file structure_11.txt (compact mmCIF, C-alpha atoms)
# COMPACT_ATOMS: atom_id res chain seq x y z
CA MET A 1309 -14.93 1.26 -6.39
CA ALA A 1310 -14.52 0.12 -9.97
CA GLU A 1311 -18.20 0.53 -10.53
CA GLU A 1312 -18.09 3.92 -8.93
CA THR A 1313 -15.58 5.20 -11.45
CA LYS A 1314 -17.60 3.87 -14.29
CA ALA A 1315 -20.84 5.23 -13.00
CA PRO A 1316 -20.02 8.96 -13.24
CA THR A 1317 -18.79 8.65 -16.80
CA ALA A 1318 -21.92 6.81 -17.81
CA HIS A 1319 -23.98 9.43 -16.09
CA ALA A 1320 -22.02 12.16 -17.81
CA GLY A 1321 -22.46 10.56 -21.18
CA SER A 1322 -26.21 10.51 -20.84
CA SER A 1323 -26.48 13.99 -19.40
CA GLY A 1324 -24.01 15.48 -21.86
CA GLY A 1325 -26.80 16.21 -24.30
CA GLU A 1326 -28.90 18.00 -21.74
CA SER A 1327 -26.06 19.94 -20.25
CA ARG A 1328 -26.07 22.63 -22.95
CA PRO A 1329 -29.58 23.95 -22.37
CA GLU A 1330 -28.87 23.90 -18.67
CA ARG A 1331 -25.76 25.97 -19.12
CA SER A 1332 -27.76 28.68 -20.86
CA GLY A 1333 -30.26 28.46 -18.05
CA GLY A 1334 -27.54 29.46 -15.66
CA ASP A 1335 -27.96 26.90 -12.89
CA ARG A 1336 -24.73 25.15 -13.67
CA PRO A 1337 -23.19 25.22 -10.16
CA GLU A 1338 -26.09 23.26 -8.84
CA ARG A 1339 -25.53 20.60 -11.43
CA SER A 1340 -21.82 20.32 -10.92
CA GLY A 1341 -22.26 19.60 -7.27
CA PRO A 1342 -22.35 15.81 -7.07
CA ARG A 1343 -19.49 14.47 -9.06
CA GLY A 1344 -17.17 16.67 -10.96
CA PRO A 1345 -17.70 19.05 -13.84
CA ARG A 1346 -15.17 16.87 -15.62
CA PRO A 1347 -17.11 15.81 -18.71
CA GLY A 1348 -18.39 19.31 -19.41
CA GLY A 1349 -15.04 21.04 -19.00
CA GLY A 1350 -12.78 18.49 -20.62
CA PRO A 1351 -12.03 18.21 -24.29
CA GLY A 1352 -13.68 14.83 -24.28
CA GLY A 1353 -17.17 16.19 -24.02
CA PRO A 1354 -19.50 14.30 -26.30
CA ARG A 1355 -20.11 17.04 -28.81
CA GLU A 1356 -20.66 15.97 -32.37
CA GLY A 1357 -17.60 16.02 -34.60
CA GLY A 1358 -15.26 16.59 -31.67
CA ARG A 1359 -12.52 14.26 -30.57
CA LYS A 1360 -13.68 11.24 -28.69
CA TYR A 1361 -11.15 11.25 -25.93
CA PHE A 1362 -11.67 10.09 -22.41
CA ARG A 1363 -9.04 10.13 -19.77
CA ARG A 1364 -9.71 7.39 -17.34
CA LYS A 1365 -9.69 8.61 -13.78
CA LYS A 1366 -6.78 7.08 -11.92
CA VAL A 1367 -7.58 5.65 -8.54
CA CYS A 1368 -5.40 4.58 -5.69
CA LYS A 1369 -4.85 0.85 -5.86
CA PHE A 1370 -4.44 0.62 -2.11
CA CYS A 1371 -7.71 2.39 -1.41
CA VAL A 1372 -9.59 0.38 -4.01
CA GLU A 1373 -8.34 -3.00 -2.91
CA LYS A 1374 -8.27 -1.95 0.74
CA ILE A 1375 -4.66 -2.90 1.20
CA GLU A 1376 -3.85 -1.32 4.52
CA ALA A 1377 -0.51 -2.86 5.34
CA VAL A 1378 2.10 -1.74 2.86
CA ASN A 1379 4.93 -3.97 3.88
CA TYR A 1380 8.50 -4.16 2.68
CA LYS A 1381 8.27 -7.95 2.49
CA ASP A 1382 5.61 -7.95 -0.19
CA VAL A 1383 7.96 -7.62 -3.13
CA ARG A 1384 5.36 -8.40 -5.77
CA LEU A 1385 3.18 -5.54 -4.67
CA LEU A 1386 6.04 -3.08 -4.37
CA ALA A 1387 7.49 -4.04 -7.72
CA GLN A 1388 4.37 -2.70 -9.41
CA PHE A 1389 5.30 0.76 -8.23
CA VAL A 1390 8.93 0.67 -9.19
CA ALA A 1391 10.02 1.65 -12.67
CA GLU A 1392 12.31 -0.58 -14.65
CA SER A 1393 15.21 1.64 -13.73
CA GLY A 1394 14.50 0.91 -10.07
CA LYS A 1395 12.99 4.31 -9.36
CA ILE A 1396 9.83 4.77 -7.37
CA THR A 1397 7.07 5.63 -9.83
CA PRO A 1398 5.62 9.10 -9.18
CA ARG A 1399 2.14 9.42 -7.85
CA ARG A 1400 0.94 11.35 -10.86
CA LEU A 1401 1.52 8.29 -13.01
CA THR A 1402 0.16 5.62 -10.72
CA GLY A 1403 -2.68 7.53 -9.10
CA VAL A 1404 -1.80 6.41 -5.61
CA CYS A 1405 -3.14 8.72 -2.92
CA MET A 1406 -0.74 10.70 -0.78
CA PRO A 1407 -1.08 8.72 2.49
CA HIS A 1408 -0.47 5.49 0.65
CA GLN A 1409 2.35 6.88 -1.43
CA ARG A 1410 4.15 7.83 1.76
CA ARG A 1411 3.85 4.33 3.14
CA LEU A 1412 4.70 2.84 -0.22
CA SER A 1413 7.89 4.80 -0.65
CA ARG A 1414 8.97 3.94 2.86
CA ALA A 1415 8.34 0.25 2.21
CA ILE A 1416 10.25 0.36 -1.06
CA LYS A 1417 13.22 1.96 0.62
CA GLN A 1418 13.20 -0.67 3.33
CA ALA A 1419 13.00 -3.42 0.75
CA ARG A 1420 15.98 -1.94 -1.05
CA ASN A 1421 18.03 -2.00 2.10
CA ILE A 1422 17.45 -5.68 2.65
CA ALA A 1423 18.17 -6.53 -0.99
CA LEU A 1424 14.60 -7.44 -1.89
CA LEU A 1425 14.43 -4.64 -4.44
CA PRO A 1426 17.25 -3.10 -6.43
CA PHE A 1427 18.52 0.40 -5.83
CA ALA A 1428 19.09 0.83 -9.53
CA GLY A 1429 18.34 -1.29 -12.52
CA ARG A 1430 16.48 -4.52 -12.66
CA ALA A 1431 16.71 -7.24 -10.08
CA GLN A 1432 19.21 -9.81 -11.24
CA MET B 804 6.85 -1.08 27.57
CA ASN B 805 6.95 -3.81 25.03
CA ARG B 806 7.11 -3.16 21.37
CA ASN B 807 6.93 -5.29 18.27
CA TYR B 808 9.81 -5.46 15.90
CA GLU B 809 10.60 -7.35 12.78
CA LEU B 810 14.20 -8.25 12.32
CA MET B 811 15.15 -9.64 8.95
CA PHE B 812 18.62 -10.82 8.22
CA ILE B 813 20.40 -12.54 5.39
CA VAL B 814 23.11 -15.11 5.84
CA ARG B 815 25.47 -16.33 3.18
CA PRO B 816 23.98 -18.99 0.90
CA ASP B 817 26.62 -21.62 1.63
CA MET B 818 25.84 -21.73 5.32
CA VAL B 819 25.04 -25.18 6.64
CA GLU B 820 21.55 -25.58 8.03
CA GLU B 821 22.91 -26.83 11.30
CA ASP B 822 24.93 -23.68 11.83
CA LEU B 823 21.97 -21.55 10.88
CA ASN B 824 19.76 -23.28 13.42
CA LYS B 825 22.43 -22.78 16.04
CA LEU B 826 22.66 -19.09 15.21
CA ILE B 827 18.90 -18.67 15.36
CA SER B 828 18.62 -20.45 18.69
CA THR B 829 21.34 -18.30 20.24
CA LEU B 830 19.58 -15.18 19.02
CA GLU B 831 16.27 -16.42 20.34
CA SER B 832 17.73 -17.27 23.70
CA SER B 833 19.23 -13.81 24.00
CA VAL B 834 15.78 -12.37 23.44
CA THR B 835 14.02 -14.63 25.91
CA SER B 836 16.67 -14.00 28.56
CA ALA B 837 15.92 -10.29 28.26
CA GLY B 838 12.22 -10.94 28.78
CA GLY B 839 10.98 -10.88 25.21
CA THR B 840 9.33 -13.38 22.92
CA THR B 841 10.15 -14.27 19.35
CA LYS B 842 8.83 -16.12 16.39
CA THR B 843 11.21 -17.05 13.63
CA GLU B 844 10.54 -17.80 10.00
CA VAL B 845 13.20 -19.04 7.65
CA TRP B 846 12.38 -17.97 4.13
CA GLY B 847 15.11 -20.06 2.64
CA LYS B 848 17.41 -19.26 -0.19
CA ARG B 849 16.46 -16.31 -2.34
CA ARG B 850 18.07 -14.28 -5.03
CA LEU B 851 19.33 -10.89 -3.90
CA ALA B 852 18.21 -7.88 -5.88
CA TYR B 853 21.80 -6.73 -6.13
CA ARG B 854 25.22 -8.07 -5.33
CA VAL B 855 26.25 -7.89 -1.71
CA GLY B 856 29.96 -8.37 -1.35
CA ARG B 857 30.47 -11.39 -3.55
CA PHE B 858 27.08 -12.97 -2.98
CA ASN B 859 24.24 -13.11 -5.45
CA ASP B 860 21.84 -14.94 -3.21
CA GLY B 861 21.33 -15.54 0.47
CA ILE B 862 19.21 -17.26 3.07
CA PHE B 863 16.57 -14.92 4.43
CA VAL B 864 15.46 -15.20 8.04
CA LEU B 865 12.67 -13.18 9.61
CA MET B 866 12.28 -12.80 13.36
CA MET B 867 9.20 -11.27 14.94
CA ILE B 868 10.22 -9.87 18.29
CA ASP B 869 8.10 -8.65 21.14
CA GLY B 870 10.25 -6.88 23.68
CA ILE B 871 11.99 -3.71 24.70
CA GLY B 872 14.41 -1.74 22.59
CA ALA B 873 17.46 -3.07 24.41
CA VAL B 874 16.69 -6.52 23.05
CA VAL B 875 16.94 -5.27 19.51
CA HIS B 876 20.11 -3.42 20.33
CA GLU B 877 21.72 -6.58 21.60
CA LEU B 878 20.54 -8.62 18.61
CA GLU B 879 21.93 -6.10 16.17
CA ARG B 880 25.26 -6.10 17.95
CA ARG B 881 25.37 -9.86 17.71
CA LEU B 882 24.46 -9.88 14.04
CA ARG B 883 27.13 -7.33 13.31
CA VAL B 884 29.85 -9.51 14.77
CA THR B 885 28.52 -12.72 13.26
CA GLU B 886 30.54 -13.36 10.15
CA PRO B 887 28.05 -15.19 7.90
CA VAL B 888 25.36 -12.53 8.27
CA ILE B 889 25.60 -10.27 5.26
CA LYS B 890 22.67 -7.93 5.87
CA PHE B 891 20.03 -7.15 8.46
CA LEU B 892 17.13 -4.76 8.88
CA THR B 893 15.00 -4.01 11.91
CA VAL B 894 11.57 -2.46 11.56
CA ARG B 895 9.32 -1.42 14.38
CA THR B 896 5.80 -2.64 13.69
CA ASP B 897 3.63 -2.01 16.74
CA GLU B 898 2.32 1.37 15.62
CA GLU B 899 1.51 0.03 12.20
CA LEU B 900 -0.31 -2.93 13.72
CA LYS B 901 -2.26 -0.64 15.98
CA ARG B 902 -3.26 1.52 13.03
CA ILE B 903 -4.41 -1.47 11.02
CA ASP B 904 -6.42 -2.74 13.96
CA LYS B 905 -8.13 0.60 14.29
CA ILE B 906 -9.02 0.73 10.62
CA LYS B 907 -10.36 -2.77 10.73
CA LYS B 908 -12.55 -1.90 13.68
CA ILE B 909 -13.90 1.18 11.94
CA ARG B 910 -14.56 -0.79 8.80
CA ASP B 911 -16.42 -3.49 10.67
CA SER B 912 -18.62 -1.01 12.48
CA LYS B 913 -19.31 0.80 9.23
CA LYS B 914 -20.30 -2.39 7.54
CA LYS B 915 -22.94 -3.00 10.16
CA ALA B 916 -24.15 0.60 10.10
CA SER B 917 -24.23 0.99 6.34
CA ALA B 918 -26.35 -2.08 5.77
CA ALA B 919 -29.55 -0.15 6.45
CA PRO B 920 -28.82 3.38 5.09
CA ALA B 921 -27.32 2.09 1.86
CA ALA B 922 -30.73 1.01 0.64
CA THR B 923 -32.23 4.45 1.20
CA ALA B 924 -29.24 6.34 -0.18
CA ALA B 925 -29.16 4.57 -3.51
CA PRO B 926 -32.43 5.91 -5.00
CA VAL B 927 -31.53 9.46 -3.91
CA THR B 928 -28.43 9.55 -6.06
CA ALA B 929 -30.20 7.89 -8.95
CA THR B 930 -32.77 10.65 -9.46
CA PRO B 931 -31.34 13.71 -11.22
CA GLU B 932 -33.67 16.15 -9.43
CA ALA B 933 -32.11 15.37 -6.09
CA SER B 934 -28.56 15.85 -7.30
CA THR B 935 -27.96 18.70 -4.86
CA GLU B 936 -28.34 16.26 -2.01
CA ALA B 937 -25.87 13.83 -3.52
CA PRO B 938 -22.69 15.26 -1.97
CA ALA B 939 -24.08 14.73 1.50
CA SER B 940 -24.79 11.10 0.83
CA ALA B 941 -21.75 10.38 -1.29
CA PRO B 942 -19.10 10.01 1.42
CA VAL B 943 -21.20 7.53 3.38
call {"tool": "encode", "arguments": {"input": "structure_11.txt", "output": "structure tokens"}}
result
Amino acid sequence: MAEETKAPTAHAGSSGGESRPERSGGDRPERSGPRGPRPGGGPGGPREGGRKYFRRKKVCKFCVEKIEAVNYKDVRLLAQFVAESGKITPRRLTGVCMPHQRRLSRAIKQARNIALLPFAGRAQ
Amino acid sequence: MNRNYELMFIVRPDMVEEDLNKLISTLESSVTSAGGTTKTEVWGKRRLAYRVGRFNDGIFVLMMIDGIGAVVHELERRLRVTEPVIKFLTVRTDEELKRIDKIKKIRDSKKKASAAPAATAAPVTATPEASTEAPASAPV
């Protein structure tokens, strides 16, 4: 999956130069079919003199590493998704997909109940 | 209708191993007498994430139970009246296990199936002329 996320950006970088003539040609929808109009639309498009700014696409850790069982006993895994205050980190920050976030939050809550994770603050 | 449960409980850290073993064996026997099976793991002493009563750490014990719901009910009642047990949690796992099994099966069958088409799909996505066909091949 890691290669997959890299691949579109590399593809976009190479096709960024050609995208302008195509846009005037008017067959843009056909081009944007495969993988996101992201580079064209974003501010990070490789136009000369512009800001060089790429936002890395966040991907779900559980999907990438194929972790199916999100278990309350795996404290190390769960701790990655808990803020220092003890809160569950929102999905928009971690990039976890919705099905996995549901399981994750359930597991974190179970772990809290059995004193494997803190309700608030850091673990002692 | 048997189900799988995981019952984790914490006993106070100053409990003697002998007493702990006795407690575990009584719990196990109450399960087996009700027609279930168990497997017990003692995790040993661990730090608690927060203070429970006046304890900062405890001995964690995990029991995997295969039985009916009444077994769990009885175990929980016992744990509640057992003084040295400071916390317990029961989680039903059979549906989760079933789901994981299913996913594994799908993944295995896909692995076999994708071995051949993957070779043909790769050049299609590589050529820019055929980019309209890419979405069809992408989810494979």
call {"tool": "atom_distance", "arguments": {"input": "structure_11.txt", "atom1": "CA of Arg895 in chain B", "atom2": "CA of Ala873 in chain B"}}
result
13.0 Å
call {"tool": "atom_distance", "arguments": {"input": "structure_11.txt", "atom1": "CA of His1408 in chain A", "atom2": "CA of Gly872 in chain B"}}
result
27.5 Å
call {"tool": "residues_around", "arguments": {"input": "structure_11.txt", "residues": "Val1367 in chain A", "least_positions_apart": "3", "cutoff": "8 Å", "atoms": "only C-alpha atoms", "output": "compact mmCIF listing (two decimals) with C-alpha atoms, keeping the file's coordinate frame"}}
result
# COMPACT_ATOMS: atom_id res chain seq x y z
CA CYS A 1371 -7.71 2.39 -1.41
CA VAL A 1372 -9.59 0.38 -4.01
CA GLY A 1403 -2.68 7.53 -9.10
CA VAL A 1404 -1.80 6.41 -5.61
CA CYS A 1405 -3.14 8.72 -2.92
call {"tool": "atom_distance", "arguments": {"input": "structure_11.txt", "atom1": "CA of Gly847 in chain B", "atom2": "CA of Arg880 in chain B"}}
result
23.1 Å
call {"tool": "closest_residue", "arguments": {"input": "structure_11.txt", "among": "A:Leu1401, A:Leu1425, A:Ala1377, A:Ala1419", "to": "Leu892 in chain B", "atoms": "all atoms listed in the file"}}
result
A:Ala1419
call {"tool": "closest_residue", "arguments": {"input": "structure_11.txt", "among": "A:Leu1386, A:Val1378, A:Ala1391, A:Asn1421", "to": "Thr896 in chain B", "atoms": "only C-alpha atoms"}}
result
A:Val1378
call {"tool": "closest_residue", "arguments": {"input": "structure_11.txt", "among": "B:Phe863, B:Tyr808, B:Trp846, B:Tyr853", "to": "chain A", "atoms": "only C-alpha atoms"}}
result
B:Tyr853
call {"tool": "residues_around", "arguments": {"input": "structure_11.txt", "residues": "Arg1430 in chain A", "least_positions_apart": "4", "cutoff": "12 Å", "atoms": "only C-alpha atoms", "output": "PyMOL selection string"}}
result
(chain A and resi 1387+1390-1395+1420+1423-1426) or (chain B and resi 851-854)
call {"tool": "closest_residue", "arguments": {"input": "structure_11.txt", "among": "A:Asn1379, A:Leu1385, A:Arg1399, A:Lys1369", "to": "chain B", "atoms": "only C-alpha atoms"}}
result
A:Asn1379
call {"tool": "closest_residue", "arguments": {"input": "structure_11.txt", "among": "B:Glu886, B:Glu844, B:Asp817, B:Asp904", "to": "Gly861 in chain B", "atoms": "only C-alpha atoms"}}
result
B:Asp817
call {"tool": "residues_around", "arguments": {"input": "structure_11.txt", "residues": "Val894 in chain B", "least_positions_apart": "6", "cutoff": "9 Å", "atoms": "all atoms listed in the file", "output": "compact mmCIF listing (two decimals) with C-alpha atoms, in the frame of the given file"}}
result
# COMPACT_ATOMS: atom_id res chain seq x y z
CA GLN A 1418 13.20 -0.67 3.33
CA ASN B 807 6.93 -5.29 18.27
CA TYR B 808 9.81 -5.46 15.90
CA GLU B 809 10.60 -7.35 12.78
CA LEU B 810 14.20 -8.25 12.32
CA MET B 811 15.15 -9.64 8.95
call {"tool": "closest_residue", "arguments": {"input": "structure_11.txt", "among": "B:Val888, B:Ile871, B:Leu882, B:Ile906", "to": "chain A", "atoms": "only C-alpha atoms"}}
result
B:Ile906
call {"tool": "residues_around", "arguments": {"input": "structure_11.txt", "residues": "Ile813 in chain B", "least_positions_apart": "5", "cutoff": "9 Å", "atoms": "all atoms listed in the file", "output": "ChimeraX atom specification"}}
result
/A:1422 /B:861-865,887-891
